[in-house]
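target-v6.pdb (PDB, C-alpha atoms and all ligand atoms) appears below.
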ATOM      1  CA  MET A   1      10.333  34.822  21.123
ATOM      2  CA  THR A   2       6.641  35.548  20.927
ATOM      3  CA  ALA A   3       4.820  36.113  17.643
ATOM      4  CA  LEU A   4       1.389  37.618  17.103
ATOM      5  CA  LEU A   5      -0.720  35.554  14.708
ATOM      6  CA  LEU A   6      -3.692  37.348  13.127
ATOM      7  CA  ILE A   7      -6.334  34.957  11.879
ATOM      8  CA  ASP A   8      -8.641  35.745   8.945
ATOM      9  CA  ILE A   9      -9.344  39.439   9.646
ATOM     10  CA  GLN A  10     -11.148  39.703   6.321
ATOM     11  CA  ASN A  11     -14.167  41.656   5.113
ATOM     12  CA  ASP A  12     -16.426  38.615   4.827
ATOM     13  CA  PHE A  13     -16.034  37.933   8.570
ATOM     14  CA  LEU A  14     -16.748  41.562   9.497
ATOM     15  CA  PRO A  15     -20.059  43.496   9.528
ATOM     16  CA  GLY A  16     -21.494  43.586   6.000
ATOM     17  CA  GLY A  17     -19.598  40.425   5.027
ATOM     18  CA  SER A  18     -21.205  37.164   3.940
ATOM     19  CA  LEU A  19     -20.160  35.316   7.126
ATOM     20  CA  ALA A  20     -20.051  38.260   9.526
ATOM     21  CA  VAL A  21     -18.970  37.344  13.057
ATOM     22  CA  PRO A  22     -21.084  39.174  15.681
ATOM     23  CA  GLY A  23     -19.103  42.067  17.154
ATOM     24  CA  GLY A  24     -16.238  41.337  14.776
ATOM     25  CA  TYR A  25     -15.357  44.956  14.248
ATOM     26  CA  GLU A  26     -14.750  45.466  17.971
ATOM     27  CA  ILE A  27     -11.477  43.562  17.693
ATOM     28  CA  ILE A  28      -9.966  46.051  15.236
ATOM     29  CA  PRO A  29      -8.726  48.698  17.734
ATOM     30  CA  VAL A  30      -7.531  45.949  20.094
ATOM     31  CA  VAL A  31      -5.548  44.219  17.334
ATOM     32  CA  SER A  32      -4.197  47.544  16.165
ATOM     33  CA  ALA A  33      -2.852  48.273  19.642
ATOM     34  CA  LEU A  34      -1.389  44.758  19.920
ATOM     35  CA  GLN A  35       0.602  44.864  16.676
ATOM     36  CA  GLY A  36       3.327  47.161  17.980
ATOM     37  CA  ARG A  37       3.957  44.999  21.039
ATOM     38  CA  PHE A  38       5.376  42.033  19.076
ATOM     39  CA  GLU A  39       8.674  41.463  17.347
ATOM     40  CA  LEU A  40       6.988  39.345  14.665
ATOM     41  CA  VAL A  41       3.450  39.585  13.294
ATOM     42  CA  VAL A  42       2.096  36.951  10.886
ATOM     43  CA  ALA A  43      -1.384  36.590   9.410
ATOM     44  CA  THR A  44      -3.626  34.006   7.766
ATOM     45  CA  GLN A  45      -6.168  34.583   5.022
ATOM     46  CA  ASP A  46      -9.084  32.283   4.227
ATOM     47  CA  TRP A  47      -8.822  31.929   0.441
ATOM     48  CA  HIS A  48     -11.360  29.681  -1.252
ATOM     49  CA  PRO A  49     -12.021  28.892  -4.914
ATOM     50  CA  PRO A  50     -15.718  29.366  -5.904
ATOM     51  CA  SER A  51     -16.059  25.558  -6.147
ATOM     52  CA  HIS A  52     -15.120  25.063  -2.483
ATOM     53  CA  LYS A  53     -16.929  22.141  -0.861
ATOM     54  CA  SER A  54     -17.472  24.035   2.394
ATOM     55  CA  PHE A  55     -19.994  26.251   0.585
ATOM     56  CA  ALA A  56     -23.658  25.256   0.871
ATOM     57  CA  SER A  57     -24.034  26.597  -2.683
ATOM     58  CA  ASN A  58     -21.965  23.618  -3.880
ATOM     59  CA  HIS A  59     -24.350  21.127  -2.199
ATOM     60  CA  PRO A  60     -27.709  21.586  -3.957
ATOM     61  CA  GLY A  61     -30.596  21.072  -1.549
ATOM     62  CA  GLN A  62     -28.478  21.525   1.613
ATOM     63  CA  PRO A  63     -29.194  24.637   3.667
ATOM     64  CA  VAL A  64     -26.528  27.015   4.902
ATOM     65  CA  PHE A  65     -25.167  26.058   8.378
ATOM     66  CA  SER A  66     -26.324  22.429   8.020
ATOM     67  CA  GLN A  67     -23.786  19.690   8.692
ATOM     68  CA  VAL A  68     -22.702  17.095   6.181
ATOM     69  CA  GLU A  69     -19.838  14.647   5.863
ATOM     70  CA  LEU A  70     -17.039  15.617   3.524
ATOM     71  CA  ASP A  71     -14.424  12.986   2.729
ATOM     72  CA  GLY A  72     -15.031  11.324   6.114
ATOM     73  CA  LEU A  73     -14.972  14.581   8.118
ATOM     74  CA  PRO A  74     -17.914  16.521   9.593
ATOM     75  CA  GLN A  75     -18.375  19.746   7.650
ATOM     76  CA  VAL A  76     -20.543  22.798   8.368
ATOM     77  CA  LEU A  77     -21.884  24.207   5.111
ATOM     78  CA  TRP A  78     -21.089  27.920   5.062
ATOM     79  CA  PRO A  79     -22.393  30.758   2.968
ATOM     80  CA  ASP A  80     -19.992  31.573   0.118
ATOM     81  CA  HIS A  81     -17.153  33.537   1.721
ATOM     82  CA  CYS A  82     -13.553  34.626   1.149
ATOM     83  CA  ILE A  83     -13.561  33.752  -2.531
ATOM     84  CA  GLN A  84     -10.094  34.300  -3.985
ATOM     85  CA  GLY A  85      -9.613  37.814  -5.342
ATOM     86  CA  THR A  86     -12.970  39.209  -4.179
ATOM     87  CA  ALA A  87     -13.481  42.215  -1.888
ATOM     88  CA  GLY A  88     -14.862  39.860   0.760
ATOM     89  CA  ALA A  89     -11.588  37.942   0.854
ATOM     90  CA  ALA A  90      -9.496  41.079   1.277
ATOM     91  CA  LEU A  91      -7.830  41.812   4.616
ATOM     92  CA  SER A  92      -9.746  44.519   6.506
ATOM     93  CA  GLN A  93      -8.697  48.047   5.676
ATOM     94  CA  GLY A  94      -9.478  48.910   9.290
ATOM     95  CA  LEU A  95      -5.973  47.679  10.125
ATOM     96  CA  SER A  96      -2.544  48.483   8.823
ATOM     97  CA  TRP A  97      -0.917  45.349   7.425
ATOM     98  CA  ASN A  98       2.493  46.956   6.963
ATOM     99  CA  CYS A  99       4.068  45.251   9.956
ATOM    100  CA  VAL A 100       2.854  41.789   8.909
ATOM    101  CA  GLU A 101       5.900  39.866   7.660
ATOM    102  CA  ALA A 102       4.098  36.890   6.117
ATOM    103  CA  ILE A 103       0.555  35.937   5.163
ATOM    104  CA  PHE A 104      -0.386  32.266   4.968
ATOM    105  CA  ARG A 105      -3.379  31.470   2.777
ATOM    106  CA  LYS A 106      -5.547  28.457   3.489
ATOM    107  CA  GLY A 107      -8.667  26.748   2.193
ATOM    108  CA  THR A 108      -7.435  26.749  -1.397
ATOM    109  CA  ASP A 109      -8.089  23.031  -1.976
ATOM    110  CA  PRO A 110     -11.754  22.778  -3.053
ATOM    111  CA  ALA A 111     -12.097  19.290  -1.549
ATOM    112  CA  ILE A 112     -11.240  20.047   2.091
ATOM    113  CA  ASP A 113     -11.816  22.879   4.561
ATOM    114  CA  SER A 114      -9.014  24.447   6.524
ATOM    115  CA  TYR A 115      -9.815  26.157   9.809
ATOM    116  CA  SER A 116      -6.330  26.040  11.289
ATOM    117  CA  GLY A 117      -3.511  28.175   9.966
ATOM    118  CA  PHE A 118      -1.256  25.118  10.249
ATOM    119  CA  TYR A 119      -3.179  22.293   8.543
ATOM    120  CA  ASP A 120      -6.333  21.432   6.624
ATOM    121  CA  ASN A 121      -9.116  19.897   8.726
ATOM    122  CA  GLY A 122      -7.937  16.346   7.933
ATOM    123  CA  HIS A 123      -4.336  17.170   8.913
ATOM    124  CA  ARG A 124      -3.357  15.954   5.449
ATOM    125  CA  LYS A 125      -1.272  18.893   4.286
ATOM    126  CA  ALA A 126       0.681  21.455   6.303
ATOM    127  CA  THR A 127       0.702  25.120   5.292
ATOM    128  CA  GLY A 128       4.336  25.521   6.350
ATOM    129  CA  LEU A 129       3.433  27.927   9.147
ATOM    130  CA  ALA A 130       4.974  25.790  11.910
ATOM    131  CA  GLY A 131       8.281  25.508  10.059
ATOM    132  CA  TYR A 132       8.269  29.233   9.304
ATOM    133  CA  LEU A 133       7.684  30.157  12.943
ATOM    134  CA  ARG A 134      10.337  27.721  14.200
ATOM    135  CA  GLU A 135      12.853  29.025  11.721
ATOM    136  CA  ARG A 136      12.124  32.531  12.974
ATOM    137  CA  GLY A 137      12.886  31.385  16.517
ATOM    138  CA  VAL A 138       9.312  31.579  17.761
ATOM    139  CA  THR A 139       8.459  29.676  20.939
ATOM    140  CA  ASP A 140       5.242  31.432  21.979
ATOM    141  CA  ILE A 141       2.273  32.518  19.890
ATOM    142  CA  CYS A 142      -0.473  34.995  20.755
ATOM    143  CA  ILE A 143      -3.517  34.438  18.558
ATOM    144  CA  ALA A 144      -6.137  37.015  17.599
ATOM    145  CA  GLY A 145      -8.722  37.353  14.838
ATOM    146  CA  LEU A 146     -11.816  35.566  13.590
ATOM    147  CA  ALA A 147     -13.622  33.426  14.339
ATOM    148  CA  ALA A 148     -12.868  32.410  17.933
ATOM    149  CA  ASP A 149     -14.780  29.132  17.776
ATOM    150  CA  TYR A 150     -13.406  28.033  14.396
ATOM    151  CA  CYS A 151     -10.179  29.271  12.867
ATOM    152  CA  VAL A 152      -8.737  30.820  16.034
ATOM    153  CA  TYR A 153      -9.561  27.729  18.106
ATOM    154  CA  TYR A 154      -8.187  25.203  15.582
ATOM    155  CA  THR A 155      -5.064  27.284  15.040
ATOM    156  CA  ALA A 156      -4.426  27.426  18.798
ATOM    157  CA  LYS A 157      -4.945  23.674  19.124
ATOM    158  CA  ASP A 158      -2.482  22.915  16.321
ATOM    159  CA  ALA A 159      -0.005  25.426  17.754
ATOM    160  CA  LEU A 160      -0.026  23.533  21.069
ATOM    161  CA  ASP A 161       0.319  20.188  19.262
ATOM    162  CA  ALA A 162       3.280  21.595  17.329
ATOM    163  CA  GLY A 163       4.992  22.426  20.633
ATOM    164  CA  PHE A 164       4.431  26.186  20.807
ATOM    165  CA  ARG A 165       3.057  27.905  23.869
ATOM    166  CA  ALA A 166      -0.230  29.411  22.716
ATOM    167  CA  THR A 167      -2.403  32.184  24.105
ATOM    168  CA  VAL A 168      -5.714  33.275  22.631
ATOM    169  CA  VAL A 169      -6.260  37.001  23.183
ATOM    170  CA  ALA A 170      -9.882  37.015  24.348
ATOM    171  CA  ASP A 171     -10.693  40.665  23.614
ATOM    172  CA  ALA A 172      -9.037  40.424  20.188
ATOM    173  CA  THR A 173     -11.358  37.684  18.938
ATOM    174  CA  ARG A 174     -15.110  37.124  18.512
ATOM    175  CA  ALA A 175     -17.055  33.897  18.003
ATOM    176  CA  ILE A 176     -19.700  32.848  15.503
ATOM    177  CA  ASP A 177     -21.349  31.094  18.454
ATOM    178  CA  ALA A 178     -20.568  32.332  21.989
ATOM    179  CA  ASP A 179     -21.266  28.941  23.554
ATOM    180  CA  GLY A 180     -18.944  27.329  21.019
ATOM    181  CA  PHE A 181     -16.154  29.604  22.210
ATOM    182  CA  ARG A 182     -16.749  28.815  25.898
ATOM    183  CA  LYS A 183     -16.212  25.134  25.051
ATOM    184  CA  ALA A 184     -13.217  25.928  22.867
ATOM    185  CA  ALA A 185     -11.591  28.026  25.615
ATOM    186  CA  ALA A 186     -12.096  25.250  28.177
ATOM    187  CA  ASP A 187     -10.598  22.719  25.778
ATOM    188  CA  LEU A 188      -7.568  24.926  25.064
ATOM    189  CA  ARG A 189      -6.917  25.445  28.776
ATOM    190  CA  GLU A 190      -7.102  21.687  29.301
ATOM    191  CA  ARG A 191      -4.476  21.267  26.578
ATOM    192  CA  GLY A 192      -2.140  23.730  28.290
ATOM    193  CA  GLY A 193      -3.131  26.792  26.303
ATOM    194  CA  LEU A 194      -3.976  30.180  27.772
ATOM    195  CA  VAL A 195      -6.879  32.527  27.160
ATOM    196  CA  MET A 196      -6.082  36.050  28.348
ATOM    197  CA  THR A 197      -7.119  39.619  27.651
ATOM    198  CA  SER A 198      -4.713  41.970  25.906
ATOM    199  CA  SER A 199      -4.176  43.890  29.139
ATOM    200  CA  GLU A 200      -3.189  40.667  30.949
ATOM    201  CA  LEU A 201      -0.546  39.711  28.362
TER     202      LEU A 201
HETATM  203  C1  LIG A 301     -13.791  30.451   9.267
HETATM  204  C2  LIG A 301     -15.724  29.304   8.840
HETATM  205  C3  LIG A 301     -15.319  29.074   7.538
HETATM  206  C4  LIG A 301     -12.967  31.222  10.242
HETATM  207  C5  LIG A 301     -13.361  30.223   7.975
HETATM  208  O1  LIG A 301     -12.095  32.019   9.818
HETATM  209  O2  LIG A 301     -13.184  31.045  11.462
HETATM  210  N1  LIG A 301     -14.968  29.980   9.693
HETATM  211  N2  LIG A 301     -14.146  29.539   7.121
HETATM  212 ZN    ZN A 302     -13.658  29.430   5.056
END
Mind turning the file's structure into structure tokens?
Amino acid sequence: MTALLLIDIQNDFLPGGSLAVPGGYEIIPVVSALQGRFELVVATQDWHPPSHKSFASNHPGQPVFSQVELDGLPQVLWPDHCIQGTAGAALSQGLSWNCVEAIFRKGTDPAIDSYSGFYDNGHRKATGLAGYLRERGVTDICIAGLAADYCVYYTAKDALDAGFRATVVADATRAIDADGFRKAAADLRERGGLVMTSSEL
């Protein structure tokens, strides 16, 4: 069984948001058309406390988009985004979320970032997504959402590691950095993942 996994389609990653992904809104009609083609649709939501250590604002003197080390892991310092309960953290109203059976929140621990829908960046704590999908009989996952070079990429990588077949839907995602996504796509293909357009699925 194949599930559609929608990653972080939230206002802060869309035009006007604090960490807007270029062209982000272009995925909305593509995702909307995809939803009805899957038996199971699941989503993730980036959901940070204001004190989150991935925010440059919590590292006085460090500029936004600089890189630091956080608890032994490399960490990009982001603008404040997806703060719990804010409009920026809300799922985009450009989509209907009615068919989404479960939403997994991530990034709630202020001490560690969480790009993947499955684990935090240190692989210290699982979100329960893998167990949920297995229990629902899922073998294959199609991944869409934002951003292609961060949360979509890391989710796809963890999906493959967890033993799922994983396909990133190229026209249903956009990257913060286009070159970053080219590398990510090559890496996923090397790991046995697929990158396909929605019409190729
Ligand atoms: C994301 C950076 C920080 C993403 C989340 O959803 O790709 N990127 N937090
Ligand atoms: Zn985040």
As a check of understanding, name the residues that the PyMOL selection byres (((chain A and resi 24-39) around 9) and not hetatm) selects in the supplied structure, as a PDB file with C-alpha atoms, in the coordinates of the input.
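Final output, result.pdb:
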ATOM      1  CA  MET A   1      10.333  34.822  21.123  1.00  0.00           C
ATOM      2  CA  THR A   2       6.641  35.548  20.927  1.00  0.00           C
ATOM      3  CA  ALA A   3       4.820  36.113  17.643  1.00  0.00           C
ATOM      4  CA  LEU A   4       1.389  37.618  17.103  1.00  0.00           C
ATOM      5  CA  LEU A   6      -3.692  37.348  13.127  1.00  0.00           C
ATOM      6  CA  ILE A   9      -9.344  39.439   9.646  1.00  0.00           C
ATOM      7  CA  PHE A  13     -16.034  37.933   8.570  1.00  0.00           C
ATOM      8  CA  LEU A  14     -16.748  41.562   9.497  1.00  0.00           C
ATOM      9  CA  PRO A  15     -20.059  43.496   9.528  1.00  0.00           C
ATOM     10  CA  ALA A  20     -20.051  38.260   9.526  1.00  0.00           C
ATOM     11  CA  VAL A  21     -18.970  37.344  13.057  1.00  0.00           C
ATOM     12  CA  PRO A  22     -21.084  39.174  15.681  1.00  0.00           C
ATOM     13  CA  GLY A  23     -19.103  42.067  17.154  1.00  0.00           C
ATOM     14  CA  LEU A  40       6.988  39.345  14.665  1.00  0.00           C
ATOM     15  CA  VAL A  41       3.450  39.585  13.294  1.00  0.00           C
ATOM     16  CA  SER A  92      -9.746  44.519   6.506  1.00  0.00           C
ATOM     17  CA  GLY A  94      -9.478  48.910   9.290  1.00  0.00           C
ATOM     18  CA  LEU A  95      -5.973  47.679  10.125  1.00  0.00           C
ATOM     19  CA  SER A  96      -2.544  48.483   8.823  1.00  0.00           C
ATOM     20  CA  CYS A  99       4.068  45.251   9.956  1.00  0.00           C
ATOM     21  CA  VAL A 100       2.854  41.789   8.909  1.00  0.00           C
ATOM     22  CA  ALA A 144      -6.137  37.015  17.599  1.00  0.00           C
ATOM     23  CA  GLY A 145      -8.722  37.353  14.838  1.00  0.00           C
ATOM     24  CA  LEU A 146     -11.816  35.566  13.590  1.00  0.00           C
ATOM     25  CA  ALA A 147     -13.622  33.426  14.339  1.00  0.00           C
ATOM     26  CA  ASP A 171     -10.693  40.665  23.614  1.00  0.00           C
ATOM     27  CA  ALA A 172      -9.037  40.424  20.188  1.00  0.00           C
ATOM     28  CA  THR A 173     -11.358  37.684  18.938  1.00  0.00           C
ATOM     29  CA  ARG A 174     -15.110  37.124  18.512  1.00  0.00           C
ATOM     30  CA  ALA A 175     -17.055  33.897  18.003  1.00  0.00           C
ATOM     31  CA  SER A 198      -4.713  41.970  25.906  1.00  0.00           C
TER      32      SER A 198
END
So which residues get picked by the PyMOL selection byres (((chain A and resi 103) around 8) and not hetatm) here, written as a ChimeraX atom specification? /A:42-45,100-102,104-105
May I have the residues within 7 Å of ligand LIG 301 (chain A), computed using all atoms listed in the file, as a VMD selection string? chain A and resid 7 to 8 46 78 115 146 to 152
I'd like the neighbourhood of Ala185 of chain A as a VMD selection string, where a residue qualifies if any of its atoms comes within 10 Å (using all atoms listed in the file), though same-chain residues fewer than 6 positions away should be ignored. chain A and resid 148 to 149 153 156 168 170 179 191 193 to 195
Return the single residue from A:Lys157, A:His81, A:Arg189, A:Lys53 that is closest to Ile143 of chain A, with distances computed using all atoms listed in the file.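 Closest to Ile143 of chain A of all the choices is A:Lys157.
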Could you tell me which of A:Cys82, A:Ala126, A:Met196, A:Ala56 comes closest to ligand ZN 302 (chain A) if we count all atoms listed in the file?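 Closest residue, counting all atoms listed in the file: A:Cys82.
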Find the residues around Gln84 of chain A up to 8 Å (only C-alpha atoms counted), leave out those fewer than 3 positions away in its own chain, and share them as a PyMOL selection string. chain A and resi 47-50+89
For the structure shown, which residues end up in the PyMOL selection byres (((chain A and resi 130-139) around 9) and not hetatm)? Put them as a VMD selection string, please? chain A and resid 1 to 3 40 118 126 to 129 140 to 141 159 162 to 166
Using atom CA of Ser54 of chain A and atom CA of Gln93 of chain A as the two end points, give the distance in Å to one decimal. 25.8 Å
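From atom CA of Asn58 of chain A back to atom CA of Leu19 of chain A, the distance works out to 16.2 Å.
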Here is a test: counting all atoms listed in the file, which residue of A:Gln10, A:Tyr154, A:Ile112, A:Gly122 is nearest to Phe181 of chain A?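 Among A:Gln10, A:Tyr154, A:Ile112, A:Gly122, it is A:Tyr154 that comes nearest to Phe181 of chain A.
Comparing A:Leu5, A:Ala186, A:Val68, A:Val76 by their smallest distance to ligand ZN 302 (chain A), the closest is A:Val76 (using only C-alpha atoms and all ligand atoms).
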Let me have the centre and edge lengths of the axis-aligned box enclosing all listed atoms of segment 79-96 of chain A with 3 Å padding on every side, in Å to one decimal, as AutoDock Vina command-line options.
--center_x -12.5 --center_y 39.8 --center_z 2.4 --size_x 25.8 --size_y 24.2 --size_z 21.5
Point-to-point distance in Å for atom CA of Leu73 of chain A and atom CA of His59 of chain A: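 If I compute the distance from atom CA of His59 of chain A to atom CA of Leu73 of chain A, I get 15.4 Å.
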A:Gly16, A:Thr108, A:Gln67, A:Tyr119: which is nearest ligand ZN 302 (chain A), counting all atoms listed in the file?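 Smallest separation from ligand ZN 302 (chain A) among the options: A:Thr108.
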